[in-house]
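Here is the file my_file-v7.txt (compact mmCIF, C-alpha atoms).
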# COMPACT_ATOMS: atom_id res chain seq x y z
CA MET A 1 0.00 0.00 0.00
CA SER A 2 1.39 3.41 -0.98
CA GLU A 3 2.16 6.41 1.17
CA GLN A 4 -0.27 8.34 -1.02
CA ARG A 5 -3.06 6.09 0.21
CA TRP A 6 -1.96 6.74 3.81
CA ASN A 7 -2.10 10.48 3.11
CA ASP A 8 -5.51 10.18 1.45
CA VAL A 9 -6.94 8.32 4.45
CA ASP A 10 -5.56 10.96 6.82
CA ALA A 11 -7.15 13.68 4.67
CA TYR A 12 -10.50 11.83 4.67
CA VAL A 13 -10.49 11.47 8.46
CA GLU A 14 -9.42 15.07 8.99
CA ASP A 15 -12.13 16.36 6.67
CA LEU A 16 -14.93 14.40 8.35
CA LEU A 17 -13.88 14.30 12.01
CA ILE A 18 -11.69 17.36 12.56
CA GLY A 19 -12.31 20.02 9.92
CA PRO A 20 -10.61 23.40 9.55
CA ASP A 21 -9.47 25.17 12.69
CA GLU A 22 -8.28 28.75 12.46
CA ALA A 23 -5.93 28.69 15.46
CA LEU A 24 -4.36 25.35 14.61
CA ASP A 25 -4.01 26.22 10.94
CA ALA A 26 -2.43 29.55 11.92
CA ALA A 27 0.05 27.74 14.17
CA LEU A 28 1.18 25.56 11.28
CA ARG A 29 1.51 28.58 8.99
CA ALA A 30 3.54 30.46 11.59
CA SER A 31 5.85 27.49 12.07
CA ALA A 32 6.41 27.19 8.33
CA ALA A 33 7.00 30.92 7.94
CA ALA A 34 9.61 30.81 10.71
CA GLY A 35 11.40 27.90 9.07
CA LEU A 36 10.67 25.37 11.80
CA PRO A 37 10.97 21.74 10.72
CA PRO A 38 7.61 20.29 9.55
CA ILE A 39 7.55 17.54 12.19
CA ALA A 40 4.51 18.48 14.28
CA VAL A 41 1.92 15.82 14.97
CA THR A 42 -0.77 15.47 12.32
CA PRO A 43 -4.28 16.79 12.97
CA ALA A 44 -5.51 13.24 13.61
CA GLN A 45 -2.67 12.63 16.08
CA GLY A 46 -3.32 15.96 17.76
CA LYS A 47 -6.98 15.02 18.15
CA LEU A 48 -5.90 11.70 19.67
CA LEU A 49 -3.79 13.54 22.26
CA TYR A 50 -6.75 15.78 23.01
CA LEU A 51 -9.06 12.81 23.46
CA LEU A 52 -6.56 10.93 25.64
CA ALA A 53 -6.26 13.98 27.90
CA ARG A 54 -10.04 14.31 28.08
CA ILE A 55 -10.57 10.61 28.79
CA HIS A 56 -7.93 10.80 31.51
CA HIS A 57 -9.53 13.94 33.02
CA ALA A 58 -6.10 15.56 32.94
CA SER A 59 -5.84 18.90 34.71
CA ARG A 60 -2.02 19.03 34.72
CA ILE A 61 -0.13 18.13 31.54
CA LEU A 62 3.59 18.15 30.78
CA GLU A 63 4.91 18.26 27.22
CA LEU A 64 8.51 17.78 26.10
CA GLY A 65 9.16 19.27 22.68
CA THR A 66 7.00 22.33 22.04
CA LEU A 67 8.20 23.03 18.49
CA GLY A 68 5.71 25.57 17.09
CA GLY A 69 2.99 24.93 19.65
CA TYR A 70 0.65 22.83 17.48
CA SER A 71 0.41 19.87 19.86
CA SER A 72 0.45 22.27 22.80
CA ILE A 73 -2.77 23.85 21.55
CA TRP A 74 -4.44 20.46 21.24
CA LEU A 75 -3.38 19.47 24.76
CA ALA A 76 -4.29 22.80 26.35
CA ARG A 77 -7.76 22.68 24.82
CA ALA A 78 -8.38 19.43 26.70
CA LEU A 79 -7.75 21.06 30.07
CA PRO A 80 -10.60 21.99 32.39
CA SER A 81 -10.96 25.47 33.85
CA GLY A 82 -7.95 26.08 36.08
CA GLY A 83 -5.90 23.39 34.33
CA ARG A 84 -2.23 23.82 33.51
CA LEU A 85 0.09 22.77 30.69
CA ILE A 86 3.86 23.12 31.05
CA THR A 87 5.65 22.64 27.75
CA ILE A 88 9.44 22.50 27.40
CA GLU A 89 11.38 23.58 24.30
CA LEU A 90 15.14 23.58 23.77
CA TYR A 91 15.28 26.41 21.22
CA ALA A 92 14.27 29.94 22.22
CA ARG A 93 13.26 30.82 18.64
CA TYR A 94 10.87 27.87 18.47
CA ALA A 95 9.46 28.81 21.86
CA GLU A 96 8.78 32.37 20.65
CA VAL A 97 6.83 31.06 17.66
CA ALA A 98 4.93 28.64 19.89
CA SER A 99 4.10 31.28 22.49
CA ALA A 100 2.66 33.57 19.84
CA SER A 101 0.51 30.78 18.41
CA ILE A 102 -0.66 29.72 21.87
CA GLU A 103 -1.60 33.33 22.61
CA HIS A 104 -3.42 33.57 19.28
CA ALA A 105 -5.41 30.48 20.30
CA GLY A 106 -6.43 32.22 23.54
CA LEU A 107 -4.64 29.70 25.76
CA SER A 108 -1.76 31.67 27.26
CA ALA A 109 -3.36 31.79 30.71
CA MET A 110 -3.12 28.01 31.10
CA VAL A 111 0.15 27.32 29.25
CA GLU A 112 3.68 27.89 30.51
CA VAL A 113 6.46 27.60 27.92
CA ARG A 114 9.85 26.83 29.46
CA VAL A 115 13.04 27.14 27.40
CA GLY A 116 16.07 24.95 27.96
CA PRO A 117 17.42 21.40 27.72
CA ALA A 118 14.72 18.91 28.63
CA LEU A 119 16.74 17.00 31.23
CA GLU A 120 17.66 20.18 33.08
CA SER A 121 14.07 21.40 32.91
CA LEU A 122 12.78 18.07 34.24
CA GLU A 123 15.28 18.15 37.07
CA GLN A 124 14.10 21.66 37.90
CA LEU A 125 10.48 20.52 37.98
CA ILE A 126 11.41 17.67 40.32
CA ALA A 127 13.31 20.09 42.57
CA GLU A 128 10.34 22.44 42.67
CA GLY A 129 8.26 19.67 44.20
CA GLY A 130 5.01 20.83 42.66
CA GLU A 131 1.85 18.86 42.04
CA SER A 132 2.27 15.73 39.92
CA PHE A 133 1.13 15.57 36.30
CA ASP A 134 -1.82 13.56 35.04
CA LEU A 135 -0.45 13.21 31.52
CA VAL A 136 3.03 13.58 30.02
CA PHE A 137 3.68 13.80 26.27
CA ILE A 138 7.30 13.13 25.24
CA ASP A 139 8.14 14.32 21.73
CA ALA A 140 11.67 15.67 22.09
CA ASP A 141 14.99 14.34 20.75
CA LYS A 142 14.78 10.58 20.44
CA GLU A 143 18.29 9.71 21.61
CA ARG A 144 17.56 10.87 25.17
CA THR A 145 14.00 9.59 25.40
CA PRO A 146 14.93 6.88 27.96
CA GLU A 147 16.26 9.54 30.32
CA TYR A 148 13.20 11.73 29.76
CA PHE A 149 10.98 8.76 30.55
CA GLU A 150 12.80 8.01 33.81
CA GLN A 151 12.43 11.63 34.89
CA ALA A 152 8.81 11.74 33.78
CA LEU A 153 8.04 8.77 36.02
CA GLN A 154 9.00 10.90 39.01
CA LEU A 155 6.67 13.67 37.88
CA THR A 156 3.60 11.61 36.98
CA ARG A 157 0.96 10.75 39.56
CA PRO A 158 -0.06 7.15 40.28
CA GLY A 159 -2.70 6.36 37.69
CA GLY A 160 -1.24 8.94 35.34
CA ALA A 161 -0.23 8.33 31.72
CA ILE A 162 2.85 8.94 29.60
CA VAL A 163 2.66 9.11 25.79
CA VAL A 164 5.86 8.88 23.74
CA ASP A 165 5.89 9.73 20.03
CA ASN A 166 8.04 8.47 17.12
CA VAL A 167 9.05 5.23 18.78
CA VAL A 168 9.04 2.85 15.79
CA ARG A 169 11.35 4.88 13.53
CA ASP A 170 10.12 3.54 10.18
CA GLY A 171 10.52 0.00 11.55
CA ALA A 172 14.20 0.47 12.38
CA LEU A 173 13.33 -0.24 16.02
CA VAL A 174 13.86 -3.93 15.25
CA ASP A 175 16.72 -3.53 12.75
CA PRO A 176 19.87 -4.87 14.47
CA ASP A 177 22.06 -3.17 11.88
CA SER A 178 20.75 0.33 12.60
CA GLY A 179 23.20 2.44 14.53
CA ASP A 180 21.03 5.56 14.37
CA PRO A 181 21.14 7.29 17.77
CA GLY A 182 17.40 7.91 17.69
CA VAL A 183 16.70 4.24 17.01
CA GLU A 184 19.09 3.16 19.75
CA GLY A 185 17.38 5.61 22.09
CA MET A 186 14.00 4.08 21.38
CA ARG A 187 15.34 0.58 21.97
CA ARG A 188 16.74 1.69 25.32
CA PHE A 189 13.40 3.33 26.08
CA HIS A 190 11.49 0.09 25.45
CA GLN A 191 13.99 -1.82 27.57
CA ALA A 192 13.58 0.68 30.40
CA LEU A 193 9.82 0.46 30.05
CA ALA A 194 9.94 -3.33 30.30
CA ARG A 195 11.84 -3.08 33.58
CA GLU A 196 9.18 -0.96 35.24
CA SER A 197 6.92 -3.42 37.03
CA HIS A 198 4.51 -0.66 38.10
CA VAL A 199 3.91 0.53 34.54
CA SER A 200 1.55 -1.07 32.01
CA ALA A 201 2.31 -0.11 28.43
CA THR A 202 1.96 -0.89 24.76
CA THR A 203 3.41 0.45 21.52
CA ILE A 204 1.18 0.97 18.48
CA GLN A 205 2.52 1.19 14.93
CA THR A 206 1.06 3.98 12.82
CA VAL A 207 1.00 5.04 9.17
CA GLY A 208 -0.20 8.32 7.75
CA ALA A 209 0.90 11.73 6.56
CA LYS A 210 4.08 11.42 8.66
CA GLY A 211 4.98 8.04 7.18
CA TYR A 212 5.51 4.84 9.16
CA ASP A 213 6.15 5.23 12.88
CA GLY A 214 4.34 4.65 16.16
CA PHE A 215 3.67 5.75 19.70
CA THR A 216 3.83 4.24 23.17
CA LEU A 217 1.13 4.64 25.80
CA ALA A 218 2.20 3.89 29.37
CA LEU A 219 -0.07 3.87 32.40
CA ILE A 220 1.38 4.24 35.89
CA ASP A 221 -0.23 1.75 38.24
CA PRO A 222 -2.44 3.45 40.84
CA VAL A 223 -1.41 3.22 44.48
CA GLN A 224 -2.63 -0.04 45.91
CA GLU A 225 -4.53 0.02 49.18
Spit out the file's structure as structure tokens when you get a sec.
Amino acid sequence: MSEQRWNDVDAYVEDLLIGPDEALDAALRASAAAGLPPIAVTPAQGKLLYLLARIHHASRILELGTLGGYSSIWLARALPSGGRLITIELYARYAEVASASIEHAGLSAMVEVRVGPALESLEQLIAEGGESFDLVFIDADKERTPEYFEQALQLTRPGGAIVVDNVVRDGALVDPDSGDPGVEGMRRFHQALARESHVSATTIQTVGAKGYDGFTLALIDPVQE
């Protein structure tokens, strides 16, 4: 089956179930105009994040990898009144584009954009000792995803969920000859995940406008009485 068919199915779903959205479309245009890489989640994937957050009744969400703010808008829209999204971006220029798009979407009051390396930002959040997160979305550099996951475990409440994007790497996840750092990072991530006895998880392969990849959904076991 061709990638064109994958794209056509994505377009069909988006037309029927998502439709045009001025703020989201503007965020994509702003990202393209600023020269940001076109690697944001697709509309269908963004809607999935939104629905997962809604199903999980998430009032505190953490995102690693803001990029131009497209996924941030989806996640923030799922928050209830008084909810909070903290999103972390390495590059200040990307964060500026994202902040403007988030403001344009009318969500600035519930979104905090932090700039800096993800590991340092996660360590800072742990040191702050604030309220745990209900949902964490990891979509930063793939090589360090295992470390991000370990830190995210400390920041996620019992019963909370962690979603990790781009984990299949066009199938290279199971290619023993691949020495790509991102692929190796995702293998180490899966190995770390398998060691966590208090986490239930699965990885789903996906095809679509972003090609062949996949995501992992991990659920932290609730505290047992």
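Residues with any atom within 7 Å of Ser31 (chain A), counting all atoms listed in the file and excluding same-chain neighbours fewer than 4 positions away, are Ala27, Gly35, Leu36, Gly68 and Val97 of chain A.
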What would the list of residues within 9 Å of (4.4, 19.0, 16.7) (file frame) look like as a tab-separated table (two decimals) with C-alpha atoms, keeping the file's coordinate frame, if all atoms listed in the file are what count?
chain	number	residue	atom	x	y	z
A	38	PRO	CA	7.61	20.29	9.55
A	39	ILE	CA	7.55	17.54	12.19
A	40	ALA	CA	4.51	18.48	14.28
A	41	VAL	CA	1.92	15.82	14.97
A	42	THR	CA	-0.77	15.47	12.32
A	46	GLY	CA	-3.32	15.96	17.76
A	65	GLY	CA	9.16	19.27	22.68
A	66	THR	CA	7.00	22.33	22.04
A	67	LEU	CA	8.20	23.03	18.49
A	68	GLY	CA	5.71	25.57	17.09
A	69	GLY	CA	2.99	24.93	19.65
A	70	TYR	CA	0.65	22.83	17.48
A	71	SER	CA	0.41	19.87	19.86
A	72	SER	CA	0.45	22.27	22.80
A	139	ASP	CA	8.14	14.32	21.73
Near region 156-172 of chain A, 10 Å: region 73-138 of chain A residue rows, closest pairs, all atoms listed in the file, as JSON lines:
{"residue": "A:Glu131", "atom": "CA", "partner": "A:Arg157", "partner_atom": "CA", "distance": 8.5}
{"residue": "A:Ser132", "atom": "CA", "partner": "A:Arg157", "partner_atom": "CA", "distance": 5.2}
{"residue": "A:Phe133", "atom": "CA", "partner": "A:Thr156", "partner_atom": "CA", "distance": 4.7}
{"residue": "A:Asp134", "atom": "CA", "partner": "A:Gly160", "partner_atom": "CA", "distance": 4.7}
{"residue": "A:Leu135", "atom": "CA", "partner": "A:Ala161", "partner_atom": "CA", "distance": 4.9}
{"residue": "A:Val136", "atom": "CA", "partner": "A:Ile162", "partner_atom": "CA", "distance": 4.7}
{"residue": "A:Phe137", "atom": "CA", "partner": "A:Val163", "partner_atom": "CA", "distance": 4.8}
{"residue": "A:Ile138", "atom": "CA", "partner": "A:Val164", "partner_atom": "CA", "distance": 4.7}
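Across A:Glu150, A:Asp175, A:Glu22, A:Asp15, the tightest approach to Gly106 (chain A) is made by A:Glu22 when counting all atoms listed in the file.
Here CA of Ile126 (chain A) is placed at a distance of 17.7 Å from CA of Arg144 (chain A).
CA of Gly129 (chain A) to CA of Leu64 (chain A) spans 18.2 Å [interatomic distance, one decimal].
If you look at CA of Leu75 (chain A) and CA of Leu173 (chain A), they are 27.3 Å away from each other.
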Skip Gly83 (chain A) itself and residues of its chain fewer than 2 positions away, then list as a list of chain:residue names all residues within 10 Å of it, counting all atoms listed in the file.
A:Ala58, A:Ser59, A:Arg60, A:Ile61, A:Ala76, A:Arg77, A:Ala78, A:Leu79, A:Pro80, A:Ser81, A:Leu85, A:Ala109, A:Met110, A:Val111
Return the padded bounding box of region 43-54 of chain A as lines of an AutoDock Vina configuration file: axis-aligned, built from all atoms listed in the file, 8 Å added on each side, with centre and edge lengths in Å to one decimal.
center_x = -6.4
center_y = 13.9
center_z = 20.5
size_x = 23.4
size_y = 21.9
size_z = 31.1
Please provide as a PyMOL selection string all residues within 7 Å of Thr87 (chain A), with the sequence filter that same-chain residues fewer than 5 positions apart are discarded (counting only C-alpha atoms).
chain A and resi 62-64+66+112-114
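If all atoms listed in the file are the atoms counted, then among A:Phe215, A:Tyr148, A:Tyr12, A:Trp74 the closest residue to Thr202 (chain A) is A:Phe215.
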Given the point (-3.8, 11.5, 3.2) in the file's coordinates, find the residues that have an atom at most 8 Å from it, counting all atoms listed in the file, and give them as JSON, numbers by chain.
{"A": [4, 5, 6, 7, 8, 9, 10, 11, 12, 208, 209]}
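Residue nearest Val183 (chain A) within the list A:Thr216, A:Asp141, A:Tyr91, A:Ala33: A:Asp141 [criterion: smallest interatomic distance, only C-alpha atoms].
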For Ser108 (chain A), list every protein, DNA or RNA residue within 10 Å, evaluated using all atoms listed in the file, and leave out those in the same chain fewer than 6 positions away; present the list as an MDAnalysis selection string.
chainID A and resid 73 76 85 99:102
With only C-alpha atoms as the basis for distance, which of A:Val13, A:Val174, A:Leu119, A:Met186 is at the shortest distance from Glu143 (chain A)?
A:Met186
Supply region 191-216 of chain A as a PDB file, in the coordinates of the input, with N, CA and C atoms built in where the input has gaps.
ATOM      1  N   GLN A 191      13.368  -0.970  26.549  1.00  0.00           N
ATOM      2  CA  GLN A 191      13.990  -1.820  27.570  1.00  0.00           C
ATOM      3  C   GLN A 191      13.749  -1.262  28.964  1.00  0.00           C
ATOM      4  N   ALA A 192      13.856   0.057  29.109  1.00  0.00           N
ATOM      5  CA  ALA A 192      13.580   0.680  30.400  1.00  0.00           C
ATOM      6  C   ALA A 192      12.123   0.502  30.784  1.00  0.00           C
ATOM      7  N   LEU A 193      11.247   0.630  29.808  1.00  0.00           N
ATOM      8  CA  LEU A 193       9.820   0.460  30.050  1.00  0.00           C
ATOM      9  C   LEU A 193       9.515  -0.957  30.539  1.00  0.00           C
ATOM     10  N   ALA A 194      10.175  -1.935  29.935  1.00  0.00           N
ATOM     11  CA  ALA A 194       9.940  -3.330  30.300  1.00  0.00           C
ATOM     12  C   ALA A 194      10.395  -3.634  31.725  1.00  0.00           C
ATOM     13  N   ARG A 195      11.342  -2.863  32.216  1.00  0.00           N
ATOM     14  CA  ARG A 195      11.840  -3.080  33.580  1.00  0.00           C
ATOM     15  C   ARG A 195      10.928  -2.507  34.652  1.00  0.00           C
ATOM     16  N   GLU A 196      10.019  -1.637  34.257  1.00  0.00           N
ATOM     17  CA  GLU A 196       9.180  -0.960  35.240  1.00  0.00           C
ATOM     18  C   GLU A 196       7.952  -1.810  35.558  1.00  0.00           C
ATOM     19  N   SER A 197       8.000  -2.510  36.678  1.00  0.00           N
ATOM     20  CA  SER A 197       6.920  -3.420  37.030  1.00  0.00           C
ATOM     21  C   SER A 197       5.620  -2.703  37.376  1.00  0.00           C
ATOM     22  N   HIS A 198       5.714  -1.407  37.722  1.00  0.00           N
ATOM     23  CA  HIS A 198       4.510  -0.660  38.100  1.00  0.00           C
ATOM     24  C   HIS A 198       3.935   0.142  36.942  1.00  0.00           C
ATOM     25  N   VAL A 199       4.395  -0.172  35.722  1.00  0.00           N
ATOM     26  CA  VAL A 199       3.910   0.530  34.540  1.00  0.00           C
ATOM     27  C   VAL A 199       3.355  -0.494  33.550  1.00  0.00           C
ATOM     28  N   SER A 200       2.155  -0.239  33.057  1.00  0.00           N
ATOM     29  CA  SER A 200       1.550  -1.070  32.010  1.00  0.00           C
ATOM     30  C   SER A 200       1.581  -0.271  30.717  1.00  0.00           C
ATOM     31  N   ALA A 201       2.096  -0.894  29.644  1.00  0.00           N
ATOM     32  CA  ALA A 201       2.310  -0.110  28.430  1.00  0.00           C
ATOM     33  C   ALA A 201       2.135  -0.950  27.178  1.00  0.00           C
ATOM     34  N   THR A 202       1.927  -0.266  26.069  1.00  0.00           N
ATOM     35  CA  THR A 202       1.960  -0.890  24.760  1.00  0.00           C
ATOM     36  C   THR A 202       2.453   0.125  23.736  1.00  0.00           C
ATOM     37  N   THR A 203       2.984  -0.394  22.645  1.00  0.00           N
ATOM     38  CA  THR A 203       3.410   0.450  21.520  1.00  0.00           C
ATOM     39  C   THR A 203       2.553   0.100  20.301  1.00  0.00           C
ATOM     40  N   ILE A 204       2.042   1.128  19.649  1.00  0.00           N
ATOM     41  CA  ILE A 204       1.180   0.970  18.480  1.00  0.00           C
ATOM     42  C   ILE A 204       1.897   1.516  17.244  1.00  0.00           C
ATOM     43  N   GLN A 205       1.962   0.708  16.193  1.00  0.00           N
ATOM     44  CA  GLN A 205       2.520   1.190  14.930  1.00  0.00           C
ATOM     45  C   GLN A 205       1.474   2.048  14.218  1.00  0.00           C
ATOM     46  N   THR A 206       1.948   3.081  13.538  1.00  0.00           N
ATOM     47  CA  THR A 206       1.060   3.980  12.820  1.00  0.00           C
ATOM     48  C   THR A 206       1.579   4.243  11.407  1.00  0.00           C
ATOM     49  N   VAL A 207       0.653   4.523  10.495  1.00  0.00           N
ATOM     50  CA  VAL A 207       1.000   5.040   9.170  1.00  0.00           C
ATOM     51  C   VAL A 207       0.131   6.257   8.923  1.00  0.00           C
ATOM     52  N   GLY A 208       0.582   7.129   8.044  1.00  0.00           N
ATOM     53  CA  GLY A 208      -0.200   8.320   7.750  1.00  0.00           C
ATOM     54  C   GLY A 208       0.648   9.368   7.075  1.00  0.00           C
ATOM     55  N   ALA A 209       0.223  10.624   7.232  1.00  0.00           N
ATOM     56  CA  ALA A 209       0.900  11.730   6.560  1.00  0.00           C
ATOM     57  C   ALA A 209       2.349  11.886   7.010  1.00  0.00           C
ATOM     58  N   LYS A 210       2.700  11.350   8.182  1.00  0.00           N
ATOM     59  CA  LYS A 210       4.080  11.420   8.660  1.00  0.00           C
ATOM     60  C   LYS A 210       4.842  10.135   8.389  1.00  0.00           C
ATOM     61  N   GLY A 211       4.281   9.270   7.538  1.00  0.00           N
ATOM     62  CA  GLY A 211       4.980   8.040   7.180  1.00  0.00           C
ATOM     63  C   GLY A 211       4.692   6.923   8.177  1.00  0.00           C
ATOM     64  N   TYR A 212       5.648   6.029   8.318  1.00  0.00           N
ATOM     65  CA  TYR A 212       5.510   4.840   9.160  1.00  0.00           C
ATOM     66  C   TYR A 212       6.254   5.069  10.474  1.00  0.00           C
ATOM     67  N   ASP A 213       5.523   5.049  11.571  1.00  0.00           N
ATOM     68  CA  ASP A 213       6.150   5.230  12.880  1.00  0.00           C
ATOM     69  C   ASP A 213       5.253   4.596  13.937  1.00  0.00           C
ATOM     70  N   GLY A 214       5.163   5.212  15.106  1.00  0.00           N
ATOM     71  CA  GLY A 214       4.340   4.650  16.160  1.00  0.00           C
ATOM     72  C   GLY A 214       4.464   5.435  17.436  1.00  0.00           C
ATOM     73  N   PHE A 215       3.615   5.090  18.403  1.00  0.00           N
ATOM     74  CA  PHE A 215       3.670   5.750  19.700  1.00  0.00           C
ATOM     75  C   PHE A 215       3.496   4.725  20.806  1.00  0.00           C
ATOM     76  N   THR A 216       3.969   5.084  21.982  1.00  0.00           N
ATOM     77  CA  THR A 216       3.830   4.240  23.170  1.00  0.00           C
ATOM     78  C   THR A 216       2.906   4.932  24.159  1.00  0.00           C
TER      79      THR A 216
END
